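Listing of query37.txt, compact mmCIF, C-alpha atoms
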```
# COMPACT_ATOMS: atom_id res chain seq x y z
CA MET A 711 12.48 -13.33 -2.50
CA ASN A 712 11.02 -12.81 0.96
CA ASP A 713 8.66 -10.29 2.54
CA ALA A 714 11.52 -8.03 3.70
CA HIS A 715 12.89 -7.87 0.14
CA TRP A 716 9.58 -6.75 -1.34
CA MET A 717 8.89 -4.31 1.50
CA ALA A 718 12.31 -2.76 0.88
CA GLN A 719 11.17 -2.19 -2.71
CA ALA A 720 8.04 -0.47 -1.41
CA LEU A 721 10.17 1.67 0.92
CA ALA A 722 12.27 2.78 -2.06
CA LEU A 723 9.07 3.97 -3.75
CA ALA A 724 7.98 5.70 -0.54
CA ARG A 725 11.19 7.72 -0.75
CA LYS A 726 10.15 8.82 -4.26
CA ALA A 727 6.92 10.14 -2.78
CA GLU A 728 8.87 11.96 -0.07
CA ALA A 729 11.17 13.54 -2.67
CA ALA A 730 8.08 14.87 -4.45
CA GLY A 731 6.68 16.37 -1.24
CA GLU A 732 4.09 13.62 -0.83
CA VAL A 733 3.46 11.57 2.30
CA PRO A 734 6.06 8.79 1.97
CA VAL A 735 4.05 5.66 1.28
CA GLY A 736 5.07 3.12 -1.33
CA ALA A 737 3.55 -0.11 -2.61
CA VAL A 738 4.52 -2.99 -4.88
CA LEU A 739 2.31 -5.73 -6.30
CA ILE A 740 3.86 -9.17 -6.68
CA LYS A 741 2.67 -12.24 -8.56
CA ASP A 742 4.55 -15.54 -8.76
CA ASN A 743 7.45 -13.90 -6.93
CA GLN A 744 7.79 -11.31 -9.71
CA LEU A 745 7.27 -7.57 -9.48
CA ILE A 746 4.16 -6.67 -11.47
CA ALA A 747 3.87 -2.98 -10.61
CA GLY A 748 4.67 -0.36 -8.02
CA GLY A 749 3.30 2.97 -6.91
CA TRP A 750 3.81 5.77 -4.44
CA ASN A 751 1.58 8.44 -2.99
CA GLN A 752 0.76 11.13 -5.55
CA PRO A 753 -2.48 12.89 -4.52
CA ILE A 754 -0.86 16.32 -4.21
CA THR A 755 1.06 16.24 -7.49
CA SER A 756 -1.75 14.55 -9.43
CA HIS A 757 -4.54 16.65 -7.86
CA ASP A 758 -6.37 13.36 -7.27
CA ALA A 759 -7.36 12.18 -3.79
CA THR A 760 -7.45 8.57 -5.01
CA SER A 761 -3.77 8.52 -5.98
CA HIS A 762 -2.61 6.52 -2.99
CA ALA A 763 0.39 4.22 -3.42
CA GLU A 764 -1.76 1.08 -3.46
CA ILE A 765 -4.17 2.48 -6.05
CA MET A 766 -1.29 3.59 -8.27
CA ALA A 767 0.23 0.09 -8.08
CA MET A 768 -3.12 -1.56 -8.86
CA ARG A 769 -3.75 0.76 -11.81
CA ALA A 770 -0.35 -0.06 -13.29
CA ALA A 771 -0.79 -3.79 -12.64
CA GLY A 772 -4.23 -3.82 -14.24
CA LYS A 773 -2.82 -2.24 -17.39
CA LYS A 774 0.15 -4.61 -17.44
CA LEU A 775 -2.00 -7.71 -16.90
CA ASN A 776 -4.84 -6.34 -19.05
CA ASN A 777 -7.28 -7.19 -16.26
CA TYR A 778 -8.67 -5.36 -13.25
CA ARG A 779 -8.75 -8.65 -11.36
CA LEU A 780 -5.39 -9.04 -9.67
CA ILE A 781 -5.85 -12.67 -8.67
CA ASP A 782 -3.02 -14.45 -6.82
CA THR A 783 -1.15 -11.22 -6.14
CA THR A 784 0.40 -9.88 -2.97
CA MET A 785 0.41 -6.16 -2.15
CA TYR A 786 3.32 -4.86 -0.09
CA VAL A 787 2.69 -1.40 1.31
CA THR A 788 4.69 0.59 3.83
CA LEU A 789 1.64 1.84 5.78
CA GLU A 790 -1.56 0.07 6.77
CA PRO A 791 -4.07 0.78 3.97
CA CYS A 792 -7.07 3.08 4.34
CA SER A 793 -10.67 2.04 3.65
CA MET A 794 -10.52 3.21 0.01
CA CYS A 795 -7.47 1.09 -0.70
CA VAL A 796 -8.75 -1.96 1.20
CA GLY A 797 -12.02 -1.71 -0.75
CA ALA A 798 -10.16 -1.55 -4.04
CA MET A 799 -8.03 -4.56 -3.07
CA ILE A 800 -11.17 -6.53 -2.22
CA HIS A 801 -12.70 -5.69 -5.62
CA ALA A 802 -9.46 -6.52 -7.43
CA ARG A 803 -9.25 -9.89 -5.64
CA VAL A 804 -5.76 -9.33 -4.23
CA ALA A 805 -4.78 -12.52 -2.36
CA LYS A 806 -2.60 -11.06 0.39
CA VAL A 807 -1.63 -7.69 1.85
CA VAL A 808 1.61 -7.20 3.75
CA TYR A 809 2.11 -3.84 5.40
CA GLY A 810 4.79 -2.15 7.43
CA ALA A 811 3.65 0.48 9.92
CA PRO A 812 0.20 0.42 11.51
CA GLU A 813 -2.08 3.42 10.98
CA PRO A 814 -4.20 3.88 14.13
CA ARG A 815 -6.16 6.85 12.76
CA THR A 816 -7.26 5.63 9.31
CA GLY A 817 -5.99 2.07 8.94
CA ALA A 818 -8.70 -0.28 7.71
CA LEU A 819 -7.05 -3.61 8.51
CA GLY A 820 -7.32 -3.34 12.26
CA GLY A 821 -5.69 0.02 13.04
CA ALA A 822 -8.78 2.24 13.25
CA PHE A 823 -11.20 -0.49 12.13
CA ASP A 824 -11.17 -3.74 10.16
CA LEU A 825 -13.01 -3.79 6.84
CA LEU A 826 -12.33 -7.49 6.45
CA ALA A 827 -14.38 -8.17 9.60
CA ALA A 828 -17.54 -7.42 7.60
CA ASN A 829 -18.69 -10.84 6.46
CA GLN A 830 -20.77 -9.39 3.62
CA HIS A 831 -17.76 -9.34 1.26
CA ASN A 832 -17.46 -12.10 -1.31
CA HIS A 833 -13.66 -11.89 -1.22
CA PHE A 834 -11.23 -11.76 1.67
CA PHE A 835 -7.46 -11.65 1.69
CA GLU A 836 -4.71 -12.69 4.02
CA VAL A 837 -3.04 -9.91 6.04
CA GLU A 838 0.45 -9.75 7.47
CA ALA A 839 1.44 -6.71 9.51
CA GLY A 840 4.72 -5.33 10.77
CA VAL A 841 7.19 -6.18 8.01
CA LEU A 842 9.95 -3.53 8.22
CA ALA A 843 7.53 -1.59 10.41
CA GLU A 844 10.23 0.42 12.17
CA GLU A 845 11.75 1.64 8.89
CA SER A 846 8.32 2.59 7.55
CA LYS A 847 7.36 4.35 10.78
CA THR A 848 10.66 6.25 10.96
CA LEU A 849 10.33 7.44 7.36
CA LEU A 850 6.85 8.80 8.09
CA GLN A 851 7.81 10.35 11.42
CA ASN A 852 10.84 12.12 9.91
CA PHE A 853 8.70 13.41 7.04
CA PHE A 854 6.06 14.91 9.34
CA ARG A 855 8.68 16.24 11.76
CA SER A 856 10.36 18.15 8.92
CA ARG A 857 6.98 19.43 7.69
CA ARG A 858 6.13 20.80 11.15
CA LYS A 859 9.46 22.66 11.27
CA LYS A 860 8.65 24.52 8.03
```

Will you turn the file into structure tokens for me?
Amino acid sequence: MNDAHWMAQALALARKAEAAGEVPVGAVLIKDNQLIAGGWNQPITSHDATSHAEIMAMRAAGKKLNNYRLIDTTMYVTLEPCSMCVGAMIHARVAKVVYGAPEPRTGALGGAFDLLAANQHNHFFEVEAGVLAEESKTLLQNFFRSRRKK
């Protein structure tokens, strides 16, 4: 499986978020080319500000693997992660993050700022940006366009 395949899986989960009235962001966590867990944005429905797609995927993966350390995993997420999610991925020891659309206002992997640029961390991960970026961006733009019309 390649990056586009896994990002397409994350996009499918983003559509679940959209159907629930949430900002359409989805994430999947992969290890050894196998899907470990997925998640989608749920802060509105869960009444929990930490229920971002990445956090939901990491929570599910931790339970499945019986470990909060998610070593040798790759996170695919449709939107550049925020500082909360990047921090959680650092603590979980995720090996790589692949994201779709950049987030210039709150993105913490170079969009608004780069948390990995702080050399105080004891773990860093590889970053790949722009995988299925146009699809991710269009999904978000259409969601917010329809919200503004309401």

Checklist line | Shell of 12 Å around region 727-731 of chain A, all atoms listed in the file, local chain residues under 6 positions omitted, as a list in words | finding: Ala720, Leu721, Ala737, Gly748, Gly749, Trp750, Asn751, Gln752, Pro753, Ile754, Thr755, Ser756, Ser761, His762, Ala763, Met766, Thr788, Leu849, Leu850, Gln851, Asn852, Phe853, Phe854, Ser856 and Arg857 of chain A

Checklist line | Selected residue of minimal separation from Asn776 (chain A) among A:Thr760, A:Ile746, A:Asn832, A:Met794, counting only C-alpha atoms | finding: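 Closest residue, counting only C-alpha atoms: A:Ile746.
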
Notebook entry, point to check: Which residue out of A:Ala770, A:Ala818, A:Ala747, A:Leu780 has the minimum interatomic distance to His801 (chain A) when only C-alpha atoms are used?
Noted result: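 With only C-alpha atoms as the atom set, the closest residue is A:Leu780.
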
Check: Distance CA of Gly821 (chain A)-CA of Ala802 (chain A), one decimal place?
Finding: 21.8 Å

Notebook entry, point to check: Using all atoms listed in the file, which of A:Leu739, A:Pro814, A:Asn829, A:Phe835 sits nearest Arg769 (chain A)?
Noted result: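 Counting all atoms listed in the file, the residue closest to Arg769 (chain A) is A:Leu739.
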
Write out as a PDB file with C-alpha atoms, in the coordinates of the input which residues come within 9 Å of Val808 (chain A) when counting all atoms listed in the file, dropping same-chain ones fewer than 4 positions away.
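The resulting result.pdb:
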```
ATOM      1  CA  ASP A 713       8.660 -10.290   2.540  1.00  0.00           C
ATOM      2  CA  MET A 717       8.890  -4.310   1.500  1.00  0.00           C
ATOM      3  CA  THR A 784       0.400  -9.880  -2.970  1.00  0.00           C
ATOM      4  CA  MET A 785       0.410  -6.160  -2.150  1.00  0.00           C
ATOM      5  CA  TYR A 786       3.320  -4.860  -0.090  1.00  0.00           C
ATOM      6  CA  VAL A 787       2.690  -1.400   1.310  1.00  0.00           C
ATOM      7  CA  THR A 788       4.690   0.590   3.830  1.00  0.00           C
ATOM      8  CA  GLU A 790      -1.560   0.070   6.770  1.00  0.00           C
ATOM      9  CA  GLU A 836      -4.710 -12.690   4.020  1.00  0.00           C
ATOM     10  CA  VAL A 837      -3.040  -9.910   6.040  1.00  0.00           C
ATOM     11  CA  GLU A 838       0.450  -9.750   7.470  1.00  0.00           C
ATOM     12  CA  ALA A 839       1.440  -6.710   9.510  1.00  0.00           C
ATOM     13  CA  GLY A 840       4.720  -5.330  10.770  1.00  0.00           C
ATOM     14  CA  VAL A 841       7.190  -6.180   8.010  1.00  0.00           C
TER      15      VAL A 841
END
```

Next item on the list: Provide the CA of Asp782 (chain A) to CA of Ser846 (chain A) distance in Å, to one decimal place.
Entry: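 One can read the CA of Asp782 (chain A) to CA of Ser846 (chain A) distance as 25.0 Å.
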
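Residue nearest Thr848 (chain A) within the list A:Ile740, A:Met768, A:Ala714, A:Ala724: A:Ala724 [criterion: smallest interatomic distance, all atoms listed in the file].
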
Next item on the list: Kindly give the distance, in Å, that separates CA of Met799 (chain A) and CA of Ala759 (chain A), rounded to a single decimal.
Entry: 16.8 Å

Checklist line | Among the residues A:Arg725, A:His831, A:Lys847, A:Arg779, the one that comes closest to Ala811 (chain A) [using all atoms listed in the file] | finding: A:Lys847

Item checked: Proximity to Ile765 (chain A) - best of A:Leu789, A:His833, A:Val796, A:Gln744, only C-alpha atoms -> A:Val796

Because some atoms of region 723-744 of chain A are absent here, can you restore N, CA and C atoms and send them as a PDB file, in the frame of the given file?
```
ATOM      1  N   LEU A 723      10.093   3.157  -3.081  1.00  0.00           N
ATOM      2  CA  LEU A 723       9.070   3.970  -3.750  1.00  0.00           C
ATOM      3  C   LEU A 723       8.507   5.032  -2.802  1.00  0.00           C
ATOM      4  N   ALA A 724       8.432   4.709  -1.517  1.00  0.00           N
ATOM      5  CA  ALA A 724       7.980   5.700  -0.540  1.00  0.00           C
ATOM      6  C   ALA A 724       8.933   6.897  -0.525  1.00  0.00           C
ATOM      7  N   ARG A 725      10.204   6.622  -0.700  1.00  0.00           N
ATOM      8  CA  ARG A 725      11.190   7.720  -0.750  1.00  0.00           C
ATOM      9  C   ARG A 725      10.991   8.594  -1.985  1.00  0.00           C
ATOM     10  N   LYS A 726      10.498   8.013  -3.070  1.00  0.00           N
ATOM     11  CA  LYS A 726      10.150   8.820  -4.260  1.00  0.00           C
ATOM     12  C   LYS A 726       9.013   9.776  -3.925  1.00  0.00           C
ATOM     13  N   ALA A 727       8.030   9.283  -3.198  1.00  0.00           N
ATOM     14  CA  ALA A 727       6.920  10.140  -2.780  1.00  0.00           C
ATOM     15  C   ALA A 727       7.443  11.276  -1.916  1.00  0.00           C
ATOM     16  N   GLU A 728       8.301  10.942  -0.960  1.00  0.00           N
ATOM     17  CA  GLU A 728       8.870  11.960  -0.070  1.00  0.00           C
ATOM     18  C   GLU A 728       9.627  13.022  -0.861  1.00  0.00           C
ATOM     19  N   ALA A 729      10.407  12.599  -1.849  1.00  0.00           N
ATOM     20  CA  ALA A 729      11.170  13.540  -2.670  1.00  0.00           C
ATOM     21  C   ALA A 729      10.261  14.489  -3.442  1.00  0.00           C
ATOM     22  N   ALA A 730       9.045  14.042  -3.728  1.00  0.00           N
ATOM     23  CA  ALA A 730       8.080  14.870  -4.450  1.00  0.00           C
ATOM     24  C   ALA A 730       7.212  15.707  -3.503  1.00  0.00           C
ATOM     25  N   GLY A 731       7.470  15.618  -2.202  1.00  0.00           N
ATOM     26  CA  GLY A 731       6.680  16.370  -1.240  1.00  0.00           C
ATOM     27  C   GLY A 731       5.396  15.677  -0.828  1.00  0.00           C
ATOM     28  N   GLU A 732       5.271  14.406  -1.176  1.00  0.00           N
ATOM     29  CA  GLU A 732       4.090  13.620  -0.830  1.00  0.00           C
ATOM     30  C   GLU A 732       4.359  12.843   0.461  1.00  0.00           C
ATOM     31  N   VAL A 733       3.300  12.429   1.133  1.00  0.00           N
ATOM     32  CA  VAL A 733       3.460  11.570   2.300  1.00  0.00           C
ATOM     33  C   VAL A 733       4.149  10.284   1.822  1.00  0.00           C
ATOM     34  N   PRO A 734       5.252   9.903   2.476  1.00  0.00           N
ATOM     35  CA  PRO A 734       6.060   8.790   1.970  1.00  0.00           C
ATOM     36  C   PRO A 734       5.463   7.406   2.215  1.00  0.00           C
ATOM     37  N   VAL A 735       4.624   7.004   1.279  1.00  0.00           N
ATOM     38  CA  VAL A 735       4.050   5.660   1.280  1.00  0.00           C
ATOM     39  C   VAL A 735       4.322   5.064  -0.088  1.00  0.00           C
ATOM     40  N   GLY A 736       4.801   3.829  -0.091  1.00  0.00           N
ATOM     41  CA  GLY A 736       5.070   3.120  -1.330  1.00  0.00           C
ATOM     42  C   GLY A 736       4.432   1.746  -1.301  1.00  0.00           C
ATOM     43  N   ALA A 737       4.180   1.205  -2.499  1.00  0.00           N
ATOM     44  CA  ALA A 737       3.550  -0.110  -2.610  1.00  0.00           C
ATOM     45  C   ALA A 737       4.075  -0.838  -3.839  1.00  0.00           C
ATOM     46  N   VAL A 738       4.201  -2.148  -3.723  1.00  0.00           N
ATOM     47  CA  VAL A 738       4.520  -2.990  -4.880  1.00  0.00           C
ATOM     48  C   VAL A 738       3.534  -4.149  -4.903  1.00  0.00           C
ATOM     49  N   LEU A 739       3.222  -4.604  -6.107  1.00  0.00           N
ATOM     50  CA  LEU A 739       2.310  -5.730  -6.300  1.00  0.00           C
ATOM     51  C   LEU A 739       3.117  -6.857  -6.927  1.00  0.00           C
ATOM     52  N   ILE A 740       3.055  -8.024  -6.299  1.00  0.00           N
ATOM     53  CA  ILE A 740       3.860  -9.170  -6.680  1.00  0.00           C
ATOM     54  C   ILE A 740       2.957 -10.322  -7.101  1.00  0.00           C
ATOM     55  N   LYS A 741       3.365 -11.021  -8.150  1.00  0.00           N
ATOM     56  CA  LYS A 741       2.670 -12.240  -8.560  1.00  0.00           C
ATOM     57  C   LYS A 741       3.720 -13.262  -8.970  1.00  0.00           C
ATOM     58  N   ASP A 742       3.590 -14.469  -8.464  1.00  0.00           N
ATOM     59  CA  ASP A 742       4.550 -15.540  -8.760  1.00  0.00           C
ATOM     60  C   ASP A 742       5.983 -15.087  -8.484  1.00  0.00           C
ATOM     61  N   ASN A 743       6.152 -14.396  -7.378  1.00  0.00           N
ATOM     62  CA  ASN A 743       7.450 -13.900  -6.930  1.00  0.00           C
ATOM     63  C   ASN A 743       8.124 -12.966  -7.937  1.00  0.00           C
ATOM     64  N   GLN A 744       7.301 -12.282  -8.728  1.00  0.00           N
ATOM     65  CA  GLN A 744       7.790 -11.310  -9.710  1.00  0.00           C
ATOM     66  C   GLN A 744       7.094  -9.980  -9.465  1.00  0.00           C
TER      67      GLN A 744
END
```
